[in-house]
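> Quick one, upload23.txt (compact mmCIF, C-alpha atoms and all ligand atoms):
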```txt
# COMPACT_ATOMS: atom_id res chain seq x y z
CA MET A 1 -18.18 29.97 11.94
CA THR A 2 -18.23 32.81 9.41
CA PRO A 3 -21.26 35.08 10.03
CA GLY A 4 -24.01 34.53 7.53
CA THR A 5 -22.77 31.09 6.47
CA ASP A 6 -25.35 28.33 6.23
CA GLN A 7 -25.02 26.22 9.41
CA ARG A 8 -25.69 23.06 7.39
CA ASP A 9 -22.62 23.62 5.22
CA THR A 10 -20.30 24.59 8.04
CA ASP A 11 -21.01 21.24 9.69
CA PHE A 12 -18.81 19.86 6.94
CA THR A 13 -15.47 21.60 6.81
CA PRO A 14 -13.31 20.22 3.98
CA ALA A 15 -10.26 18.29 5.09
CA THR A 16 -7.03 17.40 3.32
CA ALA A 17 -4.73 14.50 4.15
CA VAL A 18 -1.44 13.22 2.81
CA ALA A 19 -0.42 9.55 2.90
CA HIS A 20 2.52 7.62 1.49
CA ALA A 21 2.54 4.32 -0.33
CA ASN A 22 4.06 1.27 1.29
CA ILE A 23 5.67 -1.86 -0.08
CA ALA A 24 5.23 -5.13 1.78
CA LEU A 25 8.37 -6.96 2.88
CA ILE A 26 6.23 -9.86 4.12
CA LYS A 27 3.34 -9.99 1.68
CA TYR A 28 -0.42 -9.96 2.18
CA TRP A 29 -2.04 -12.26 -0.35
CA GLY A 30 -5.43 -13.69 0.63
CA LYS A 31 -8.47 -12.79 2.71
CA ARG A 32 -10.46 -14.69 5.29
CA ASP A 33 -13.49 -12.41 4.88
CA LYS A 34 -14.29 -10.52 1.74
CA LYS A 35 -16.94 -8.16 3.07
CA LEU A 36 -14.93 -6.85 6.03
CA ASN A 37 -11.69 -7.26 4.06
CA LEU A 38 -9.97 -9.35 6.71
CA PRO A 39 -6.54 -10.71 5.76
CA ALA A 40 -5.85 -14.44 6.01
CA ALA A 41 -2.49 -13.58 7.61
CA GLY A 42 -0.50 -10.61 8.82
CA SER A 43 2.02 -8.64 6.75
CA ILE A 44 4.93 -6.23 7.30
CA SER A 45 5.67 -3.22 5.11
CA LEU A 46 7.92 -0.23 4.66
CA THR A 47 6.27 3.15 4.06
CA LEU A 48 8.01 5.11 1.27
CA ASP A 49 8.68 8.84 1.29
CA ALA A 50 8.73 9.44 -2.47
CA LEU A 51 5.28 8.06 -3.32
CA GLN A 52 2.56 10.29 -1.97
CA THR A 53 -1.17 10.89 -2.34
CA GLU A 54 -2.90 14.09 -1.27
CA THR A 55 -6.68 13.97 -0.94
CA THR A 56 -9.25 16.64 -0.10
CA VAL A 57 -12.75 15.60 0.94
CA ALA A 58 -15.74 17.88 1.34
CA PHE A 59 -19.22 16.60 2.19
CA ASN A 60 -21.98 18.94 1.10
CA HIS A 61 -25.78 18.60 1.23
CA ASP A 62 -26.08 20.77 -1.86
CA LEU A 63 -24.32 18.24 -4.11
CA SER A 64 -26.63 15.97 -6.10
CA SER A 65 -24.08 13.19 -6.54
CA ASP A 66 -20.55 12.27 -5.46
CA TYR A 67 -17.81 13.99 -7.40
CA ILE A 68 -14.55 12.04 -7.52
CA GLU A 69 -11.47 13.44 -9.21
CA LEU A 70 -8.14 11.60 -9.51
CA ASN A 71 -5.08 13.41 -10.87
CA GLY A 72 -7.29 16.09 -12.39
CA ARG A 73 -9.62 13.65 -14.17
CA ILE A 74 -13.25 13.11 -13.11
CA LEU A 75 -13.86 9.39 -12.55
CA THR A 76 -16.90 7.68 -14.04
CA GLU A 77 -19.38 6.13 -11.62
CA ASN A 78 -17.93 2.74 -12.43
CA GLU A 79 -14.32 3.81 -11.81
CA ALA A 80 -15.34 5.56 -8.60
CA GLY A 81 -17.41 2.60 -7.33
CA ARG A 82 -14.93 1.44 -4.71
CA ILE A 83 -14.48 4.95 -3.32
CA ILE A 84 -18.22 5.59 -3.23
CA ARG A 85 -18.87 2.29 -1.42
CA PHE A 86 -16.16 3.22 1.05
CA LEU A 87 -17.79 6.61 1.75
CA ASP A 88 -21.15 4.84 2.20
CA MET A 89 -19.57 2.50 4.74
CA LEU A 90 -17.89 5.36 6.57
CA ALA A 91 -20.69 7.92 6.70
CA GLY A 92 -23.68 5.58 6.80
CA PRO A 93 -27.06 5.74 5.10
CA GLY A 94 -28.53 9.11 4.06
CA ARG A 95 -25.09 10.75 3.99
CA ALA A 96 -24.39 14.00 2.18
CA PHE A 97 -22.64 13.59 -1.16
CA ALA A 98 -18.95 14.32 -1.25
CA SER A 99 -16.41 15.98 -3.44
CA VAL A 100 -13.14 14.02 -3.38
CA LYS A 101 -10.05 15.36 -5.12
CA SER A 102 -6.98 13.19 -5.06
CA MET A 103 -3.52 13.65 -6.56
CA ASN A 104 -0.70 11.13 -6.72
CA ASN A 105 2.84 12.41 -7.22
CA PHE A 106 3.67 9.13 -9.02
CA PRO A 107 2.22 7.34 -12.06
CA THR A 108 -1.09 5.81 -10.95
CA ALA A 109 -1.41 3.45 -13.91
CA ALA A 110 1.97 1.92 -13.12
CA GLY A 111 0.39 0.05 -10.22
CA LEU A 112 2.65 1.43 -7.53
CA ALA A 113 0.58 0.77 -4.45
CA SER A 114 -1.71 3.71 -5.19
CA SER A 115 -4.64 2.03 -3.42
CA ALA A 116 -2.60 1.95 -0.19
CA SER A 117 -1.75 5.66 -0.10
CA GLY A 118 -5.07 6.53 -1.75
CA PHE A 119 -7.35 4.85 0.80
CA ALA A 120 -5.16 5.92 3.73
CA ALA A 121 -5.38 9.59 2.69
CA LEU A 122 -9.10 9.23 1.92
CA THR A 123 -9.80 7.67 5.33
CA LEU A 124 -7.99 10.38 7.24
CA ALA A 125 -9.50 13.24 5.24
CA ALA A 126 -13.06 11.83 5.21
CA VAL A 127 -13.07 11.06 8.96
CA LYS A 128 -11.96 14.63 9.65
CA ALA A 129 -14.44 16.09 7.16
CA LEU A 130 -17.23 14.19 8.94
CA ASN A 131 -16.09 15.50 12.33
CA MET A 132 -15.65 11.94 13.52
CA HIS A 133 -13.05 11.06 16.12
CA ALA A 134 -11.02 7.94 15.56
CA SER A 135 -7.92 6.51 17.23
CA PRO A 136 -5.02 5.41 15.00
CA GLU A 137 -6.22 1.83 15.51
CA GLU A 138 -9.74 2.72 14.37
CA LEU A 139 -8.43 4.69 11.39
CA SER A 140 -6.39 1.68 10.34
CA ARG A 141 -9.42 -0.63 10.62
CA LEU A 142 -11.43 1.80 8.48
CA ALA A 143 -8.69 2.15 5.86
CA ARG A 144 -8.54 -1.66 5.71
CA ARG A 145 -12.14 -1.69 4.47
CA GLY A 146 -11.00 0.36 1.46
CA SER A 147 -7.88 -1.70 0.77
CA GLY A 148 -5.94 -4.08 3.00
CA SER A 149 -2.57 -2.47 2.32
CA ALA A 150 -4.02 1.00 3.09
CA ALA A 151 -4.33 -0.01 6.76
CA ARG A 152 -0.50 0.02 6.82
CA SER A 153 -0.06 3.36 5.02
CA LEU A 154 -1.43 5.31 7.97
CA PHE A 155 1.88 4.77 9.73
CA GLY A 156 5.45 5.66 8.88
CA GLY A 157 8.52 3.44 8.69
CA PHE A 158 8.13 -0.29 9.34
CA VAL A 159 4.53 -1.34 9.91
CA GLU A 160 2.82 -4.60 10.76
CA MET A 161 -0.72 -5.47 9.75
CA ARG A 162 -2.18 -7.83 12.32
CA ARG A 163 -4.44 -10.72 11.58
CA GLY A 164 -7.05 -10.86 14.30
CA ASN A 165 -8.80 -13.95 15.61
CA SER A 166 -12.38 -12.68 15.72
CA ASP A 167 -14.88 -12.60 12.86
CA ASN A 168 -15.77 -8.93 13.36
CA GLY A 169 -12.34 -7.61 12.36
CA GLN A 170 -11.82 -5.62 15.56
CA GLN A 171 -8.27 -6.97 15.87
CA ASP A 172 -7.38 -6.60 12.21
CA TYR A 173 -5.47 -3.34 12.05
CA ALA A 174 -1.92 -2.16 11.49
CA VAL A 175 0.56 -1.05 14.13
CA PRO A 176 3.80 0.88 13.70
CA LEU A 177 6.85 -1.28 14.52
CA PHE A 178 9.67 1.27 14.06
CA ASP A 179 9.31 4.76 12.65
CA GLU A 180 11.05 6.16 9.57
CA ASN A 181 14.12 7.20 11.57
CA HIS A 182 14.87 3.71 12.83
CA TRP A 183 16.98 2.63 9.85
CA ASP A 184 18.18 4.44 6.75
CA LEU A 185 17.33 1.99 3.97
CA ARG A 186 16.56 2.63 0.31
CA MET A 187 14.07 1.12 -2.06
CA LEU A 188 14.73 1.62 -5.75
CA ILE A 189 11.72 1.07 -7.96
CA ALA A 190 12.42 0.08 -11.54
CA VAL A 191 9.32 0.92 -13.58
CA THR A 192 9.14 -1.58 -16.43
CA SER A 193 5.65 -0.80 -17.73
CA ASP A 194 3.12 1.99 -17.45
CA LYS A 195 0.17 -0.16 -18.48
CA GLN A 196 -2.67 -0.80 -16.03
CA LYS A 197 -2.26 -4.25 -14.50
CA GLU A 198 -4.39 -7.05 -15.96
CA THR A 199 -5.59 -8.65 -12.75
CA GLY A 200 -5.74 -6.42 -9.68
CA SER A 201 -4.72 -7.66 -6.23
CA THR A 202 -8.27 -8.15 -4.95
CA GLU A 203 -9.25 -10.43 -7.83
CA GLY A 204 -5.82 -12.09 -7.93
CA MET A 205 -5.90 -13.11 -4.28
CA GLU A 206 -9.46 -14.36 -4.58
CA ARG A 207 -8.52 -16.59 -7.51
CA THR A 208 -5.41 -17.81 -5.69
CA ALA A 209 -7.33 -18.75 -2.54
CA ALA A 210 -9.96 -20.57 -4.58
CA THR A 211 -7.67 -22.54 -6.89
CA SER A 212 -4.07 -22.85 -5.68
CA PRO A 213 -3.19 -26.22 -4.14
CA PHE A 214 -0.54 -24.42 -2.06
CA TYR A 215 -2.72 -21.71 -0.52
CA LYS A 216 -3.08 -23.38 2.88
CA SER A 217 0.67 -23.78 3.35
CA TRP A 218 1.25 -20.16 2.30
CA VAL A 219 -1.10 -18.92 5.02
CA GLU A 220 0.42 -21.28 7.59
CA SER A 221 3.97 -20.19 6.77
CA GLN A 222 3.29 -16.48 7.37
CA ALA A 223 3.50 -16.41 11.18
CA ARG A 224 7.12 -17.57 11.17
CA ASP A 225 8.13 -15.10 8.44
CA LEU A 226 6.54 -12.30 10.44
CA ASP A 227 8.35 -13.27 13.65
CA GLU A 228 11.70 -13.44 11.88
CA MET A 229 11.16 -10.17 10.01
CA ARG A 230 10.16 -8.28 13.15
CA ALA A 231 13.38 -9.37 14.87
CA ALA A 232 15.58 -8.73 11.83
CA ILE A 233 14.26 -5.16 11.51
CA LYS A 234 14.73 -4.55 15.21
CA TYR A 235 18.39 -5.63 15.09
CA LYS A 236 18.98 -4.02 11.67
CA ASP A 237 20.18 -7.29 10.22
CA PHE A 238 20.11 -6.25 6.56
CA GLU A 239 21.00 -9.62 5.07
CA LYS A 240 18.21 -11.27 7.05
CA VAL A 241 15.65 -8.58 6.16
CA GLY A 242 16.64 -8.84 2.49
CA THR A 243 16.55 -12.63 2.42
CA LEU A 244 13.15 -12.74 4.11
CA THR A 245 11.81 -10.02 1.79
CA GLU A 246 12.88 -11.86 -1.34
CA HIS A 247 11.62 -15.16 -0.03
CA SER A 248 8.18 -13.74 0.80
CA CYS A 249 8.00 -12.13 -2.65
CA PHE A 250 8.92 -15.27 -4.57
CA LYS A 251 6.67 -17.38 -2.37
CA MET A 252 3.75 -15.07 -3.18
CA HIS A 253 4.49 -15.07 -6.89
CA GLY A 254 4.98 -18.86 -6.90
CA LEU A 255 1.60 -19.11 -5.23
CA ALA A 256 0.03 -16.74 -7.78
CA LEU A 257 1.50 -18.85 -10.60
CA SER A 258 -0.11 -21.92 -9.08
CA ALA A 259 -3.58 -20.33 -9.33
CA ASN A 260 -5.80 -21.53 -12.15
CA PRO A 261 -5.65 -19.74 -14.56
CA ALA A 262 -2.13 -18.77 -13.51
CA LEU A 263 -1.33 -15.22 -12.45
CA LEU A 264 1.95 -14.09 -13.98
CA TYR A 265 2.70 -10.50 -13.04
CA TRP A 266 6.23 -10.29 -14.45
CA ASN A 267 7.36 -9.17 -17.89
CA SER A 268 10.69 -10.01 -19.54
CA VAL A 269 12.35 -6.85 -18.18
CA SER A 270 11.32 -7.83 -14.62
CA VAL A 271 13.06 -11.19 -15.11
CA GLU A 272 16.17 -9.50 -16.47
CA ILE A 273 16.33 -7.27 -13.38
CA ILE A 274 15.91 -10.24 -11.06
CA HIS A 275 18.93 -11.93 -12.66
CA ALA A 276 20.97 -8.71 -12.59
CA VAL A 277 20.32 -8.19 -8.88
CA LYS A 278 21.27 -11.80 -8.14
CA GLU A 279 24.53 -11.21 -10.03
CA LEU A 280 25.18 -7.97 -8.13
CA ARG A 281 24.82 -9.89 -4.90
CA LYS A 282 27.29 -12.50 -6.09
CA GLN A 283 29.76 -9.70 -6.69
CA GLY A 284 29.29 -8.40 -3.16
CA THR A 285 26.55 -5.73 -3.38
CA PRO A 286 23.78 -6.53 -0.90
CA ALA A 287 20.48 -5.91 -2.74
CA TYR A 288 17.19 -7.80 -2.66
CA ILE A 289 14.13 -7.94 -4.87
CA THR A 290 10.47 -7.55 -4.10
CA MET A 291 7.49 -7.33 -6.47
CA ASP A 292 3.75 -6.89 -6.12
CA ALA A 293 0.78 -7.46 -8.41
CA GLY A 294 2.50 -5.88 -11.40
CA PRO A 295 5.79 -5.94 -13.36
CA GLN A 296 7.64 -3.17 -11.49
CA VAL A 297 10.68 -4.39 -9.58
CA LYS A 298 11.56 -2.96 -6.18
CA ILE A 299 15.11 -3.32 -4.92
CA LEU A 300 15.82 -3.04 -1.21
CA CYS A 301 19.30 -1.89 -0.29
CA GLN A 302 21.41 0.23 2.04
CA PRO A 303 22.36 3.78 0.96
CA GLU A 304 25.95 2.92 -0.03
CA ALA A 305 24.75 0.32 -2.55
CA VAL A 306 22.59 2.75 -4.54
CA PRO A 307 25.25 3.87 -7.10
CA SER A 308 26.26 0.36 -8.17
CA ILE A 309 22.63 -0.78 -8.40
CA ARG A 310 21.78 2.27 -10.50
CA ASN A 311 24.77 1.57 -12.78
CA THR A 312 23.53 -1.95 -13.33
CA LEU A 313 19.92 -0.89 -13.92
CA GLU A 314 21.06 1.68 -16.47
CA THR A 315 22.43 -1.15 -18.65
CA ILE A 316 19.02 -2.82 -18.83
CA LYS A 317 16.95 -1.71 -21.81
CA GLY A 318 13.25 -1.43 -21.18
CA ILE A 319 13.38 0.20 -17.75
CA LYS A 320 11.22 3.30 -18.11
CA SER A 321 12.28 5.07 -14.94
CA ILE A 322 13.88 4.51 -11.57
CA LEU A 323 12.37 5.97 -8.41
CA GLU A 324 14.45 6.19 -5.27
CA CYS A 325 12.64 6.00 -1.94
CA ARG A 326 13.56 6.24 1.73
CA PRO A 327 11.48 5.21 4.71
CA GLY A 328 8.52 7.56 4.72
CA PRO A 329 6.38 9.27 7.38
CA ALA A 330 2.92 8.54 8.75
CA ALA A 331 -0.18 9.90 7.06
CA ALA A 332 -1.16 13.36 8.27
CA LEU A 333 -3.83 15.99 7.94
CA LYS A 334 -2.85 19.24 6.29
CA SER A 335 -3.94 22.34 8.07
CA LEU A 336 -6.46 24.53 6.29
CA GLU A 337 -3.96 27.39 6.12
CA LYS A 338 -1.63 25.17 4.14
CA VAL A 339 -4.39 23.96 1.86
CA TYR A 340 -5.75 27.35 0.95
CA ASN A 341 -2.59 29.47 0.86
C1 LIG B 401 0.73 -7.77 -3.57
O1 LIG B 401 -4.20 -4.11 -0.44
O2 LIG B 401 -4.31 -3.97 -2.95
O3 LIG B 401 0.64 -5.51 -2.83
O4 LIG B 401 -7.23 -5.49 0.22
O5 LIG B 401 -8.00 -6.33 -1.97
O6 LIG B 401 -7.38 -3.92 -1.71
P1 LIG B 401 -7.14 -5.35 -1.26
O7 LIG B 401 -5.66 -5.70 -1.71
P2 LIG B 401 -4.35 -4.80 -1.73
O8 LIG B 401 -3.26 -5.97 -1.84
C2 LIG B 401 -1.90 -5.73 -1.81
C3 LIG B 401 -1.20 -6.96 -2.25
C4 LIG B 401 0.30 -6.82 -2.46
C5 LIG B 401 1.06 -7.24 -1.20
C6 LIG B 401 0.99 -6.29 -0.04
O9 LIG B 401 0.93 -5.07 -0.25
O10 LIG B 401 1.04 -6.79 1.09
```
Just give me the structure of the file as structure tokens.


Amino acid sequence: MTPGTDQRDTDFTPATAVAHANIALIKYWGKRDKKLNLPAAGSISLTLDALQTETTVAFNHDLSSDYIELNGRILTENEAGRIIRFLDMLAGPGRAFASVKSMNNFPTAAGLASSASGFAALTLAAVKALNMHASPEELSRLARRGSGSAARSLFGGFVEMRRGNSDNGQQDYAVPLFDENHWDLRMLIAVTSDKQKETGSTEGMERTAATSPFYKSWVESQARDLDEMRAAIKYKDFEKVGTLTEHSCFKMHGLALSANPALLYWNSVSVEIIHAVKELRKQGTPAYITMDAGPQVKILCQPEAVPSIRNTLETIKGIKSILECRPGPAAALKSLEKVYN
């Protein structure tokens, strides 16, 4: 403690954490409990090195309200609602207000899994700033309360989110399957729109569960997809991983389309890319599509396929940018020296 510093303030040392986004290979789409944010089924994802969020949290009794800044812009109370509710859950009643400053190194509005890296970094930084001690399992359970996919972003490489059997969510957390050095894959992200998505994942999955006639079969079919994906990743069977990834994606989007009103996340450029990748495959380039609750198209491939996929994407008008990602590392705290130097 620095001499002369107020003891009350030093109880709350600021903390900074970095987390990477992840893209699900076997998708999460549906909850069995809204309040605890428990998934209806498990999911498997790949953490990506190129998409990163850095968040600094400082609790301070002298603040008169929470201060939440994202990419240099102060969020309104409404925009910050989910973050504030998360801090309330984490720190409990009567907590000190917090200053949260978060930066994404990728376009937030493009809907590129920013809630996954965002809540993972926030969880790690806030837990540290509160001087709490939490195991990786506990951290993942906490991050899940912020956003289901964030539970996976605490870990690097290939990660599985488990669906527990109890109502209290104690078994609903993510576990690392294989770290980022297990397999050198690439994910190319074709950004086709920078508009904020119309219907976010939370609302989309709620509508799907309530109205799709196929929801029950979707949930029931997940266990087998997860078993097959786990094995395919272990044995580095790229064709199998790609086929399962694409199948899970189209199954999820088919399900979303069967909601009422329908959820259509694709734009015409997304469809053009889907056809182009199918054609590439026909010509012998192994590449597979996945998409989330937005029109960006992610293409999973091996390193040697990158040039021909890029060549093809460059012929498609309407692609705004292409991001190239490798398997990324686990979330981590930054040391104070690094933060302040
Ligand atoms: C389509 O994790 O954003 O990206 O738990 O309601 O915050 P909440 O949902 P979120 O859903 C992600 C859905 C998805 C598929 C996936 O990442 O598994």

> Show me which residues line ligand LIG 401 (chain B), defined as having an atom within 8 Å of a ligand atom where only C-alpha atoms and all ligand atoms count, and present them as an MDAnalysis selection string.

chainID A and resid 22:29 31 37 39 43:45 113 115:116 144:150 200:203 205 252 291:293

> Taking 3 positions as the minimum chain separation for residues in the same chain, which residues sit within 12 Å of Arg224 in chain A when counting all atoms listed in the file? Answer as a ChimeraX atom specification.

/A:26,41-43,217-221,227-231,244,248

> Quick one: pull the distance between CA of Phe97 in chain A and CA of Ala80 in chain A, Å, one decimal.

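Separating CA of Phe97 in chain A from CA of Ala80 in chain A is a distance of 13.2 Å.
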
> So that I can check the surroundings of range 48-56 of chain A, please list as a list of chain:residue names every protein, DNA and RNA residue that reaches within 7 Å of it, counting all atoms listed in the file and ignoring chain neighbours fewer than 5 positions away.

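Residues near the query, excluding close chain neighbours: A:Pro14, A:Ala15, A:Thr16, A:Ala17, A:Val18, A:Ala19, A:His20, A:Ala21, A:Asn22, A:Val100, A:Lys101, A:Ser102, A:Met103, A:Asn104, A:Asn105, A:Phe106, A:Ser117, A:Gly118, A:Ala121, A:Leu122, A:Ala125, A:Cys325, A:Arg326, A:Pro327, A:Gly328, A:Pro329.
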
> Can you work out which one of A:Leu255, A:Ala91, A:Val57, A:Leu323 has the shortest atom-to-atom distance to Thr208 in chain A, counting only C-alpha atoms?

A:Leu255

> Can you pull out every residue within 9 Å of range 232-234 of chain A, counting all atoms listed in the file, but drop anything in the same chain fewer than 5 positions away, and send it as a VMD selection string?

chain A and resid 158 177 to 178 182 to 183 227 239 to 241

> Could you tell me, as a list in words, which residues have any atom at most 7 Å from (11.1, -9.1, -1.7), counting all atoms listed in the file?

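The residues that fall inside the cut-off are Leu25, Gly242, Thr245, Glu246, His247, Ser248, Cys249, Tyr288, Ile289, Thr290 and Met291 of chain A.
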
> What gap, in Å, lies between CA of Gly30 in chain A and CA of Gly204 in chain A?

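Calculated distance between CA of Gly30 in chain A and CA of Gly204 in chain A is 8.7 Å.
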
> Between CA of Met89 in chain A and CA of Ala210 in chain A, what distance in Å does the model show, to one decimal?

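Those two atoms sit 26.7 Å apart.
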
> Excluding Leu280 in chain A and residues on its chain fewer than 3 positions from it, collect all residues at most 12 Å away from it, counting all atoms listed in the file, and give them as a ChimeraX atom specification.

/A:273-277,283-289,299,301,305-313

> Those same residues - C-alpha atoms - I'd like them written as a PDB file, keeping the file's coordinate frame.


```pdb
ATOM      1  CA  ILE A 273      16.330  -7.270 -13.380  1.00  0.00           C
ATOM      2  CA  ILE A 274      15.910 -10.240 -11.060  1.00  0.00           C
ATOM      3  CA  HIS A 275      18.930 -11.930 -12.660  1.00  0.00           C
ATOM      4  CA  ALA A 276      20.970  -8.710 -12.590  1.00  0.00           C
ATOM      5  CA  VAL A 277      20.320  -8.190  -8.880  1.00  0.00           C
ATOM      6  CA  GLN A 283      29.760  -9.700  -6.690  1.00  0.00           C
ATOM      7  CA  GLY A 284      29.290  -8.400  -3.160  1.00  0.00           C
ATOM      8  CA  THR A 285      26.550  -5.730  -3.380  1.00  0.00           C
ATOM      9  CA  PRO A 286      23.780  -6.530  -0.900  1.00  0.00           C
ATOM     10  CA  ALA A 287      20.480  -5.910  -2.740  1.00  0.00           C
ATOM     11  CA  TYR A 288      17.190  -7.800  -2.660  1.00  0.00           C
ATOM     12  CA  ILE A 289      14.130  -7.940  -4.870  1.00  0.00           C
ATOM     13  CA  ILE A 299      15.110  -3.320  -4.920  1.00  0.00           C
ATOM     14  CA  CYS A 301      19.300  -1.890  -0.290  1.00  0.00           C
ATOM     15  CA  ALA A 305      24.750   0.320  -2.550  1.00  0.00           C
ATOM     16  CA  VAL A 306      22.590   2.750  -4.540  1.00  0.00           C
ATOM     17  CA  PRO A 307      25.250   3.870  -7.100  1.00  0.00           C
ATOM     18  CA  SER A 308      26.260   0.360  -8.170  1.00  0.00           C
ATOM     19  CA  ILE A 309      22.630  -0.780  -8.400  1.00  0.00           C
ATOM     20  CA  ARG A 310      21.780   2.270 -10.500  1.00  0.00           C
ATOM     21  CA  ASN A 311      24.770   1.570 -12.780  1.00  0.00           C
ATOM     22  CA  THR A 312      23.530  -1.950 -13.330  1.00  0.00           C
ATOM     23  CA  LEU A 313      19.920  -0.890 -13.920  1.00  0.00           C
TER      24      LEU A 313
END
```

> Considering all atoms listed in the file, state which residue in the set A:Arg207, A:Lys128, A:Gly164, A:Gly92 is at the smallest distance from Ala262 in chain A.

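Going through A:Arg207, A:Lys128, A:Gly164, A:Gly92 one by one, the smallest distance to Ala262 in chain A is for A:Arg207.
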
> As a list of chain:residue names, please: the residues near Gly318 in chain A (cut-off 12 Å, all atoms listed in the file, same-chain neighbours under 6 positions excluded).

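So the residues in contact are A:Ala190, A:Val191, A:Thr192, A:Ser193, A:Asp194, A:Asn267, A:Ser268, A:Val269, A:Ser270, A:Val271, A:Glu272, A:Ile273, A:Pro295, A:Gln296.
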
> Which residue is closest to Arg152 in chain A? Choose from A:Ile74, A:Leu46, A:Ile322, A:Leu263 and count all atoms listed in the file.

A:Leu46

> Choose the residue, out of A:Thr123, A:Thr199, A:Ser64, A:Ser321, that has the smallest atom-to-atom separation from Ala143 in chain A; count all atoms listed in the file.

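Checking each of A:Thr123, A:Thr199, A:Ser64, A:Ser321 against Ala143 in chain A, counting all atoms listed in the file, the winner is A:Thr123.
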
> Could you check the closest approach to Asp62 in chain A for each of A:Lys35, A:Lys197, A:Arg82, A:Arg95 and tell me which residue wins, using only C-alpha atoms?

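Smallest separation from Asp62 in chain A among the options: A:Arg95.
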
> Could you write range 134-151 of chain A as a tab-separated table (two decimals), in the coordinates of the input, with N, CA and C atoms rebuilt where they are missing?


```tsv
chain	number	residue	atom	x	y	z
A	134	ALA	N	-11.45	9.34	15.66
A	134	ALA	CA	-11.02	7.94	15.56
A	134	ALA	C	-9.58	7.83	16.03
A	135	SER	N	-9.30	6.77	16.78
A	135	SER	CA	-7.92	6.51	17.23
A	135	SER	C	-7.14	5.98	16.02
A	136	PRO	N	-5.80	5.98	16.10
A	136	PRO	CA	-5.02	5.41	15.00
A	136	PRO	C	-5.45	3.98	14.65
A	137	GLU	N	-5.77	3.21	15.70
A	137	GLU	CA	-6.22	1.83	15.51
A	137	GLU	C	-7.53	1.79	14.70
A	138	GLU	N	-8.45	2.67	15.08
A	138	GLU	CA	-9.74	2.72	14.37
A	138	GLU	C	-9.55	3.19	12.92
A	139	LEU	N	-8.69	4.19	12.75
A	139	LEU	CA	-8.43	4.69	11.39
A	139	LEU	C	-7.88	3.56	10.52
A	140	SER	N	-6.99	2.77	11.10
A	140	SER	CA	-6.39	1.68	10.34
A	140	SER	C	-7.43	0.63	9.97
A	141	ARG	N	-8.34	0.33	10.91
A	141	ARG	CA	-9.42	-0.63	10.62
A	141	ARG	C	-10.31	-0.10	9.49
A	142	LEU	N	-10.59	1.21	9.53
A	142	LEU	CA	-11.43	1.80	8.48
A	142	LEU	C	-10.72	1.76	7.13
A	143	ALA	N	-9.44	2.15	7.12
A	143	ALA	CA	-8.69	2.15	5.86
A	143	ALA	C	-8.65	0.74	5.27
A	144	ARG	N	-8.56	-0.26	6.15
A	144	ARG	CA	-8.54	-1.66	5.71
A	144	ARG	C	-9.77	-2.01	4.87
A	145	ARG	N	-10.92	-1.41	5.22
A	145	ARG	CA	-12.14	-1.69	4.47
A	145	ARG	C	-12.02	-1.20	3.03
A	146	GLY	N	-11.22	-0.14	2.83
A	146	GLY	CA	-11.00	0.36	1.46
A	146	GLY	C	-10.01	-0.52	0.72
A	147	SER	N	-8.91	-0.84	1.37
A	147	SER	CA	-7.88	-1.70	0.77
A	147	SER	C	-6.98	-2.20	1.91
A	148	GLY	N	-6.69	-3.49	1.89
A	148	GLY	CA	-5.94	-4.08	3.00
A	148	GLY	C	-4.61	-3.38	3.24
A	149	SER	N	-3.89	-3.08	2.16
A	149	SER	CA	-2.57	-2.47	2.32
A	149	SER	C	-2.67	-1.01	2.81
A	150	ALA	N	-3.84	-0.39	2.64
A	150	ALA	CA	-4.02	1.00	3.09
A	150	ALA	C	-3.98	1.09	4.62
A	151	ALA	N	-4.36	0.00	5.29
A	151	ALA	CA	-4.33	-0.01	6.76
A	151	ALA	C	-2.91	0.26	7.24
```
